[in-house]
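Enquirer: Data: input.pdb, PDB, C-alpha atoms, pLDDT in the B column.
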ATOM      1  CA  MET C  28      -8.398  14.259 -31.503  1.00 65.00           C
ATOM      2  CA  LYS C  29      -7.309  10.863 -32.841  1.00 66.00           C
ATOM      3  CA  LYS C  30      -5.195  10.187 -29.744  1.00 61.00           C
ATOM      4  CA  ARG C  31      -8.102  11.129 -27.500  1.00 64.00           C
ATOM      5  CA  LEU C  32     -10.433   8.754 -29.339  1.00 58.00           C
ATOM      6  CA  LEU C  33      -7.872   5.944 -29.094  1.00 58.00           C
ATOM      7  CA  LEU C  34      -7.470   6.622 -25.381  1.00 57.00           C
ATOM      8  CA  MET C  35     -11.240   6.500 -24.859  1.00 57.00           C
ATOM      9  CA  LEU C  36     -11.494   3.230 -26.800  1.00 58.00           C
ATOM     10  CA  PHE C  37      -8.651   1.768 -24.746  1.00 56.00           C
ATOM     11  CA  MET C  38     -10.360   2.779 -21.499  1.00 54.00           C
ATOM     12  CA  LEU C  39     -13.655   1.245 -22.689  1.00 52.00           C
ATOM     13  CA  LEU C  40     -11.856  -1.997 -23.610  1.00 52.00           C
ATOM     14  CA  MET C  41     -10.197  -2.151 -20.164  1.00 52.00           C
ATOM     15  CA  PHE C  42     -13.578  -1.629 -18.483  1.00 47.00           C
ATOM     16  CA  VAL C  43     -15.154  -4.437 -20.540  1.00 48.00           C
ATOM     17  CA  ILE C  44     -12.270  -6.799 -19.716  1.00 52.00           C
ATOM     18  CA  PHE C  45     -12.589  -5.971 -16.005  1.00 46.00           C
ATOM     19  CA  ALA C  46     -16.374  -6.451 -16.073  1.00 47.00           C
ATOM     20  CA  LEU C  47     -15.974  -9.848 -17.705  1.00 46.00           C
ATOM     21  CA  THR C  48     -13.647 -11.004 -14.913  1.00 46.00           C
ATOM     22  CA  LEU C  49     -16.134 -10.319 -12.114  1.00 44.00           C
ATOM     23  CA  PRO C  50     -17.353 -13.528 -10.493  1.00 46.00           C
ATOM     24  CA  THR C  51     -20.721 -14.771 -11.715  1.00 43.00           C
ATOM     25  CA  ARG C  52     -21.578 -16.717  -8.588  1.00 39.00           C
ATOM     26  CA  PRO C  53     -20.356 -16.644  -5.011  1.00 41.00           C
ATOM     27  CA  PRO C  54     -17.549 -18.985  -3.948  1.00 42.00           C
ATOM     28  CA  THR C  55     -17.962 -21.672  -1.340  1.00 39.00           C
ATOM     29  CA  PHE C  56     -18.411 -20.330   2.195  1.00 38.00           C
ATOM     30  CA  TYR C  57     -15.966 -21.701   4.741  1.00 39.00           C
ATOM     31  CA  PRO C  58     -17.186 -21.091   8.315  1.00 38.00           C
ATOM     32  CA  THR C  59     -14.626 -20.443  11.023  1.00 37.00           C
ATOM     33  CA  PRO C  60     -14.485 -22.934  13.899  1.00 35.00           C
ATOM     34  CA  SER C  61     -15.288 -20.333  16.539  1.00 37.00           C
ATOM     35  CA  PRO C  62     -18.276 -20.596  18.908  1.00 38.00           C
ATOM     36  CA  GLY C  63     -19.929 -17.575  17.227  1.00 43.00           C
ATOM     37  CA  ASP C  64     -22.017 -18.154  14.142  1.00 46.00           C
ATOM     38  CA  GLU C  65     -23.263 -15.810  11.436  1.00 48.00           C
ATOM     39  CA  GLU C  66     -26.278 -15.099  13.612  1.00 51.00           C
ATOM     40  CA  ASP C  67     -23.906 -13.203  15.930  1.00 57.00           C
ATOM     41  CA  ILE C  68     -23.088 -10.480  13.404  1.00 62.00           C
ATOM     42  CA  PRO C  69     -24.587  -7.009  13.891  1.00 68.00           C
ATOM     43  CA  ARG C  70     -28.002  -6.382  12.368  1.00 76.00           C
ATOM     44  CA  GLY C  71     -27.655  -5.214   8.775  1.00 83.00           C
ATOM     45  CA  ALA C  72     -24.057  -6.391   8.383  1.00 86.00           C
ATOM     46  CA  CYS C  73     -23.208  -8.467   5.315  1.00 89.00           C
ATOM     47  CA  ARG C  74     -22.989 -12.216   5.818  1.00 88.00           C
ATOM     48  CA  MET C  75     -19.817 -13.735   4.404  1.00 88.00           C
ATOM     49  CA  SER C  76     -21.942 -16.408   2.729  1.00 89.00           C
ATOM     50  CA  ASP C  77     -23.656 -13.655   0.669  1.00 92.00           C
ATOM     51  CA  LEU C  78     -20.369 -12.268  -0.670  1.00 93.00           C
ATOM     52  CA  GLY C  79     -18.299 -13.347  -3.663  1.00 94.00           C
ATOM     53  CA  GLY C  80     -14.743 -12.307  -4.298  1.00 94.00           C
ATOM     54  CA  ALA C  81     -12.308 -11.591  -7.107  1.00 95.00           C
ATOM     55  CA  ALA C  82      -8.622 -10.712  -6.821  1.00 96.00           C
ATOM     56  CA  THR C  83      -5.823  -9.763  -9.158  1.00 95.00           C
ATOM     57  CA  TRP C  84      -2.378  -8.200  -8.973  1.00 95.00           C
ATOM     58  CA  GLN C  85       0.322  -6.911 -11.268  1.00 93.00           C
ATOM     59  CA  ALA C  86       3.965  -5.881 -11.080  1.00 91.00           C
ATOM     60  CA  ALA C  87       4.535  -2.507  -9.423  1.00 91.00           C
ATOM     61  CA  ALA C  88       7.513  -0.286  -8.669  1.00 89.00           C
ATOM     62  CA  GLY C  89      10.368  -1.756  -6.667  1.00 90.00           C
ATOM     63  CA  GLY C  90       9.483  -5.376  -7.447  1.00 93.00           C
ATOM     64  CA  ALA C  91       6.216  -5.274  -5.462  1.00 94.00           C
ATOM     65  CA  LEU C  92       2.873  -6.663  -6.595  1.00 95.00           C
ATOM     66  CA  SER C  93      -0.011  -4.205  -6.518  1.00 95.00           C
ATOM     67  CA  GLY C  94      -3.424  -5.819  -6.216  1.00 95.00           C
ATOM     68  CA  ARG C  95      -7.126  -5.400  -5.704  1.00 96.00           C
ATOM     69  CA  LEU C  96      -9.627  -7.510  -3.807  1.00 96.00           C
ATOM     70  CA  THR C  97     -13.243  -6.977  -4.910  1.00 96.00           C
ATOM     71  CA  LEU C  98     -16.159  -8.204  -2.805  1.00 95.00           C
ATOM     72  CA  THR C  99     -19.574  -8.398  -4.468  1.00 96.00           C
ATOM     73  CA  LEU C 100     -22.892  -8.860  -2.670  1.00 95.00           C
ATOM     74  CA  TYR C 101     -24.833 -11.821  -4.076  1.00 94.00           C
ATOM     75  CA  GLY C 102     -27.491 -11.824  -1.351  1.00 90.00           C
ATOM     76  CA  GLU C 103     -31.077 -10.805  -1.970  1.00 91.00           C
ATOM     77  CA  SER C 104     -31.075  -7.716   0.252  1.00 92.00           C
ATOM     78  CA  GLY C 105     -28.689  -4.877   1.014  1.00 93.00           C
ATOM     79  CA  CYS C 106     -26.179  -4.971   3.871  1.00 92.00           C
ATOM     80  CA  SER C 107     -23.185  -3.118   5.254  1.00 91.00           C
ATOM     81  CA  LEU C 108     -19.427  -3.684   5.402  1.00 90.00           C
ATOM     82  CA  GLN C 109     -16.759  -1.839   7.314  1.00 86.00           C
ATOM     83  CA  GLY C 110     -13.089  -2.226   7.920  1.00 85.00           C
ATOM     84  CA  ARG C 111      -9.889  -3.499   6.442  1.00 89.00           C
ATOM     85  CA  PRO C 112      -9.918  -7.082   5.155  1.00 92.00           C
ATOM     86  CA  ARG C 113      -7.470  -9.486   6.721  1.00 93.00           C
ATOM     87  CA  ILE C 114      -5.807 -11.317   3.858  1.00 95.00           C
ATOM     88  CA  ARG C 115      -3.682 -14.445   3.964  1.00 95.00           C
ATOM     89  CA  ILE C 116      -2.007 -15.702   0.796  1.00 95.00           C
ATOM     90  CA  LEU C 117      -2.446 -19.436   0.245  1.00 94.00           C
ATOM     91  CA  PRO C 118      -0.822 -21.711  -2.326  1.00 91.00           C
ATOM     92  CA  GLY C 119      -2.565 -24.909  -3.390  1.00 78.00           C
ATOM     93  CA  ASP C 120      -1.577 -26.822  -0.228  1.00 67.00           C
ATOM     94  CA  GLY C 121      -3.476 -24.391   1.975  1.00 75.00           C
ATOM     95  CA  GLU C 122      -0.539 -23.383   4.212  1.00 86.00           C
ATOM     96  CA  ALA C 123      -0.443 -19.584   4.387  1.00 91.00           C
ATOM     97  CA  LEU C 124       2.726 -17.956   3.082  1.00 91.00           C
ATOM     98  CA  PRO C 125       4.710 -16.111   5.780  1.00 92.00           C
ATOM     99  CA  VAL C 126       3.564 -12.527   5.252  1.00 92.00           C
ATOM    100  CA  ASP C 127       3.293  -9.725   7.828  1.00 91.00           C
ATOM    101  CA  LEU C 128       0.200  -7.517   7.516  1.00 83.00           C
ATOM    102  CA  VAL C 129       0.816  -3.769   7.702  1.00 85.00           C
ATOM    103  CA  ILE C 130      -1.439  -0.737   7.366  1.00 75.00           C
ATOM    104  CA  PRO C 131      -0.527   1.550   4.452  1.00 78.00           C
ATOM    105  CA  LEU C 132       0.548   5.021   5.543  1.00 68.00           C
ATOM    106  CA  ASP C 133      -1.667   6.662   2.923  1.00 70.00           C
ATOM    107  CA  ASP C 134      -4.834   4.812   3.912  1.00 68.00           C
ATOM    108  CA  SER C 135      -7.905   6.531   5.292  1.00 75.00           C
ATOM    109  CA  ALA C 136      -9.997   5.380   8.245  1.00 79.00           C
ATOM    110  CA  PRO C 137     -12.453   2.575   7.412  1.00 83.00           C
ATOM    111  CA  GLN C 138     -15.924   3.850   6.485  1.00 87.00           C
ATOM    112  CA  LEU C 139     -19.288   2.107   6.878  1.00 89.00           C
ATOM    113  CA  LEU C 140     -20.310   0.975   3.377  1.00 92.00           C
ATOM    114  CA  SER C 141     -23.850   0.123   2.316  1.00 93.00           C
ATOM    115  CA  LEU C 142     -24.098  -2.453  -0.454  1.00 94.00           C
ATOM    116  CA  SER C 143     -27.177  -3.213  -2.515  1.00 95.00           C
ATOM    117  CA  PRO C 144     -27.490  -6.592  -4.298  1.00 95.00           C
ATOM    118  CA  ARG C 145     -24.824  -7.022  -7.008  1.00 95.00           C
ATOM    119  CA  ALA C 146     -22.924  -3.969  -5.733  1.00 96.00           C
ATOM    120  CA  SER C 147     -19.220  -4.209  -4.912  1.00 96.00           C
ATOM    121  CA  ALA C 148     -16.594  -2.846  -2.568  1.00 95.00           C
ATOM    122  CA  HIS C 149     -12.854  -3.162  -3.021  1.00 95.00           C
ATOM    123  CA  ALA C 150      -9.621  -2.944  -1.083  1.00 93.00           C
ATOM    124  CA  ASP C 151      -6.276  -2.277  -2.742  1.00 94.00           C
ATOM    125  CA  PHE C 152      -3.161  -3.963  -1.414  1.00 95.00           C
ATOM    126  CA  GLU C 153       0.574  -4.195  -2.036  1.00 95.00           C
ATOM    127  CA  TRP C 154       2.723  -7.288  -1.429  1.00 95.00           C
ATOM    128  CA  ARG C 155       6.477  -6.815  -1.031  1.00 95.00           C
ATOM    129  CA  ASN C 156       9.620  -8.869  -0.524  1.00 95.00           C
ATOM    130  CA  ALA C 157       8.744 -12.543  -0.983  1.00 94.00           C
ATOM    131  CA  CYS C 158      11.924 -14.545  -0.421  1.00 93.00           C
ATOM    132  CA  GLY C 159      12.174 -18.312  -0.496  1.00 85.00           C
ATOM    133  CA  ASP C 160      10.769 -20.926  -2.826  1.00 86.00           C
ATOM    134  CA  ALA C 161       8.215 -19.832  -5.374  1.00 85.00           C
ATOM    135  CA  PRO C 162       4.781 -21.423  -4.926  1.00 88.00           C
ATOM    136  CA  ASP C 163       4.228 -24.500  -7.091  1.00 86.00           C
ATOM    137  CA  ALA C 164       0.457 -24.025  -7.193  1.00 90.00           C
ATOM    138  CA  ASP C 165      -2.032 -21.285  -8.034  1.00 93.00           C
ATOM    139  CA  LEU C 166      -2.474 -18.705  -5.303  1.00 94.00           C
ATOM    140  CA  ARG C 167      -5.670 -17.817  -3.436  1.00 95.00           C
ATOM    141  CA  LEU C 168      -6.514 -15.214  -0.851  1.00 95.00           C
ATOM    142  CA  GLU C 169      -8.178 -16.224   2.400  1.00 95.00           C
ATOM    143  CA  VAL C 170     -10.255 -13.181   3.312  1.00 95.00           C
ATOM    144  CA  THR C 171     -11.805 -12.387   6.678  1.00 92.00           C
ATOM    145  CA  LEU C 172     -13.498  -9.161   7.746  1.00 89.00           C
ATOM    146  CA  PRO C 173     -13.607  -7.507  11.165  1.00 84.00           C
ATOM    147  CA  GLY C 174     -16.750  -8.556  13.053  1.00 77.00           C
ATOM    148  CA  HIS C 175     -17.811 -11.048  10.363  1.00 78.00           C
ATOM    149  CA  PRO C 176     -17.381 -14.734  11.191  1.00 77.00           C
ATOM    150  CA  GLY C 177     -16.346 -16.962   8.318  1.00 85.00           C
ATOM    151  CA  LYS C 178     -13.953 -16.514   5.461  1.00 91.00           C
ATOM    152  CA  LEU C 179     -13.843 -16.447   1.691  1.00 92.00           C
ATOM    153  CA  LEU C 180     -11.281 -18.233  -0.468  1.00 93.00           C
ATOM    154  CA  VAL C 181     -10.678 -16.062  -3.514  1.00 94.00           C
ATOM    155  CA  PRO C 182      -8.538 -17.172  -6.485  1.00 94.00           C
ATOM    156  CA  VAL C 183      -5.988 -14.669  -7.756  1.00 95.00           C
ATOM    157  CA  THR C 184      -6.350 -14.280 -11.521  1.00 94.00           C
ATOM    158  CA  ASP C 185      -5.160 -12.059 -14.328  1.00 90.00           C
ATOM    159  CA  PRO C 186      -7.681  -9.998 -16.353  1.00 87.00           C
ATOM    160  CA  ASN C 187      -8.278 -13.016 -18.627  1.00 90.00           C
ATOM    161  CA  GLY C 188      -9.210 -15.287 -15.710  1.00 90.00           C
ATOM    162  CA  ASN C 189      -5.928 -17.233 -15.691  1.00 93.00           C
ATOM    163  CA  ALA C 190      -4.730 -18.246 -12.236  1.00 93.00           C
ATOM    164  CA  LEU C 191      -1.646 -16.465 -10.915  1.00 93.00           C
ATOM    165  CA  ARG C 192       1.228 -17.816  -8.823  1.00 91.00           C
ATOM    166  CA  ASN C 193       3.786 -15.033  -9.222  1.00 93.00           C
ATOM    167  CA  THR C 194       5.309 -13.406  -6.138  1.00 94.00           C
ATOM    168  CA  PRO C 195       7.052 -10.082  -5.552  1.00 96.00           C
ATOM    169  CA  ALA C 196      10.826  -9.750  -5.866  1.00 95.00           C
ATOM    170  CA  CYS C 197      13.035 -10.688  -2.923  1.00 95.00           C
ATOM    171  CA  ASP C 198      14.609  -7.306  -2.143  1.00 93.00           C
ATOM    172  CA  ALA C 199      15.791  -7.948   1.430  1.00 93.00           C
ATOM    173  CA  PRO C 200      16.281 -11.639   2.352  1.00 94.00           C
ATOM    174  CA  ASP C 201      16.630 -10.816   6.075  1.00 94.00           C
ATOM    175  CA  GLU C 202      13.407  -8.800   6.189  1.00 94.00           C
ATOM    176  CA  PRO C 203       9.851 -10.197   6.336  1.00 94.00           C
ATOM    177  CA  SER C 204       7.472 -10.270   3.410  1.00 94.00           C
ATOM    178  CA  THR C 205       4.746  -7.642   3.923  1.00 95.00           C
ATOM    179  CA  LEU C 206       1.200  -7.125   2.717  1.00 95.00           C
ATOM    180  CA  ALA C 207      -0.211  -3.605   3.078  1.00 93.00           C
ATOM    181  CA  VAL C 208      -4.012  -3.719   2.836  1.00 93.00           C
ATOM    182  CA  LYS C 209      -6.170  -0.601   2.547  1.00 91.00           C
ATOM    183  CA  ALA C 210      -9.673  -0.238   3.974  1.00 90.00           C
ATOM    184  CA  LEU C 211     -12.680  -1.226   1.879  1.00 91.00           C
ATOM    185  CA  VAL C 212     -14.180   1.480  -0.330  1.00 91.00           C
ATOM    186  CA  SER C 213     -17.342   1.427  -2.463  1.00 90.00           C
ATOM    187  CA  GLY C 214     -17.300   0.320  -6.067  1.00 81.00           C
ATOM    188  CA  ALA C 215     -15.270  -2.082  -8.146  1.00 63.00           C
ATOM    189  CA  GLU C 216     -13.341   0.499 -10.168  1.00 58.00           C
TER     190      GLU C 216
END
If you took the structure in this file and wrote it as C-alpha cells, what would it be?
Expert:
Amino acid sequence: MKKRLLLMLFMLLMFVIFALTLPTRPPTFYPTPSPGDEEDIPRGACRMSDLGGAATWQAAAGGALSGRLTLTLYGESGCSLQGRPRIRILPGDGEALPVDLVIPLDDSAPQLLSLSPRASAHADFEWRNACGDAPDADLRLEVTLPGHPGKLLVPVTDPNGNALRNTPACDAPDEPSTLAVKALVSGAE
C-alpha cells in the first residue's frame, strides 16, 4: 500500500512538473517565403500563428534521444491538424544539423485531429547517431506541418525549462544521423 501511494505521488509530481513546462504564450511566427499565405490553408485547419510549441528529449536505449514535440492551440476558436510534423534541428546559428527524416516502423497513419482553444497535440520522435562536433549553442526545433504554410521555432528544454544542447551518441560514423518522427496525436500526455 505504501509503495502504491508513493508511486501515485510520484506520478502526480511528474504531471505537475510537465504542466508547468507548457508554454504560456505562443512563440514568434515565422512565415515561409512561398507565394502561398495562411489564407491558402483549408477551411478549419489550424493556422501556424495560432500554435505554440514545447519540446524536450531524454537519453534512450542505444545512445538515442527520445523526445516529444507538443503543439498547443492559442487561437480563439477550434481548428484541425493532421499529419506528421517535419522537424529540423537548429543550433543557435540557425543552420540545420544534417539529419535524415525517417518514418518510424511502429507509427500509425496520421489522423485528423480537432483542437479546441488551449488543447494540445503531440508527436513523439527519436534522434539517433549524431557524429561530428557538438553544438555550441542551445538547440531549437524548426517545425512545419503538411499543408500549413509557415513554421514554428521551438526551444528544446528539460522539464525545468533549461535549454538543451545534448545530442545522441555517435554509433556509426559512416551512417547518417536520423530523426524518426511519429504522426500527431491528441493530448499532451
Enquirer: Pull out every residue that the PyMOL selection byres ((chain C and resi 81-96) around 6) matches in the shown coordinates and put them as a PyMOL selection string.
Expert: chain C and resi 80+97+149-155+181+183-185+195-196
Enquirer: For each of C:Pro186, C:Pro131, C:Gly121, C:Gly159, take the minimum atom-to-atom distance to Asp198 of chain C, counting only C-alpha atoms, then give the residue where this is smallest.
Expert: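 Closest candidate: C:Gly159.
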Enquirer: Which distance in Å separates atom CA of Asn193 of chain C and atom CA of Ala161 of chain C, to one decimal?
Expert: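 So the two atoms, atom CA of Asn193 of chain C and atom CA of Ala161 of chain C, lie 7.6 Å apart.
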Enquirer: Looking at all atoms listed in the file, which of C:Cys158, C:Leu108, C:Ile116, C:Leu180 is the one that sits closest to Leu206 of chain C?
Expert: C:Ile116
Enquirer: Using only C-alpha atoms, which residue out of C:Pro182, C:Pro144, C:Pro203, C:Gly174 lies closest to Leu78 of chain C?
Expert: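 Among C:Pro182, C:Pro144, C:Pro203, C:Gly174, it is C:Pro144 that comes nearest to Leu78 of chain C.
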Enquirer: Taking all atoms of segment 70-74 of chain C that appear in the file, build a box with edges along x, y and z, extend it by 5 Å on every side, and state its centre and edge lengths in Å to one decimal, as lines of an AutoDock Vina configuration file.
Expert:
center_x = -25.5
center_y = -8.7
center_z = 8.8
size_x = 15.0
size_y = 17.0
size_z = 17.1
Enquirer: State, in Å with one decimal place, the distance from atom CA of Ala123 of chain C to atom CA of Asn156 of chain C.
Expert: 15.5 Å
Enquirer: Extract, using all atoms listed in the file, all DNA, RNA and protein residues at most 12 Å from segment 136-143 of chain C, discarding same-chain residues fewer than 4 positions from it, and format them as a ChimeraX atom specification.
Expert: /C:71-74,77-78,98-112,130-132,147-150,172-173,208-215
Enquirer: Using only C-alpha atoms for the distances, tell me which of C:Thr205, C:Arg115, C:Thr194, C:Val126 is nearest to Asp160 of chain C.
Expert: C:Thr194
Enquirer: Would you work out the distance separating atom CA of Asn187 of chain C from atom CA of Arg167 of chain C, expressed in Å to one decimal?
Expert: 16.1 Å
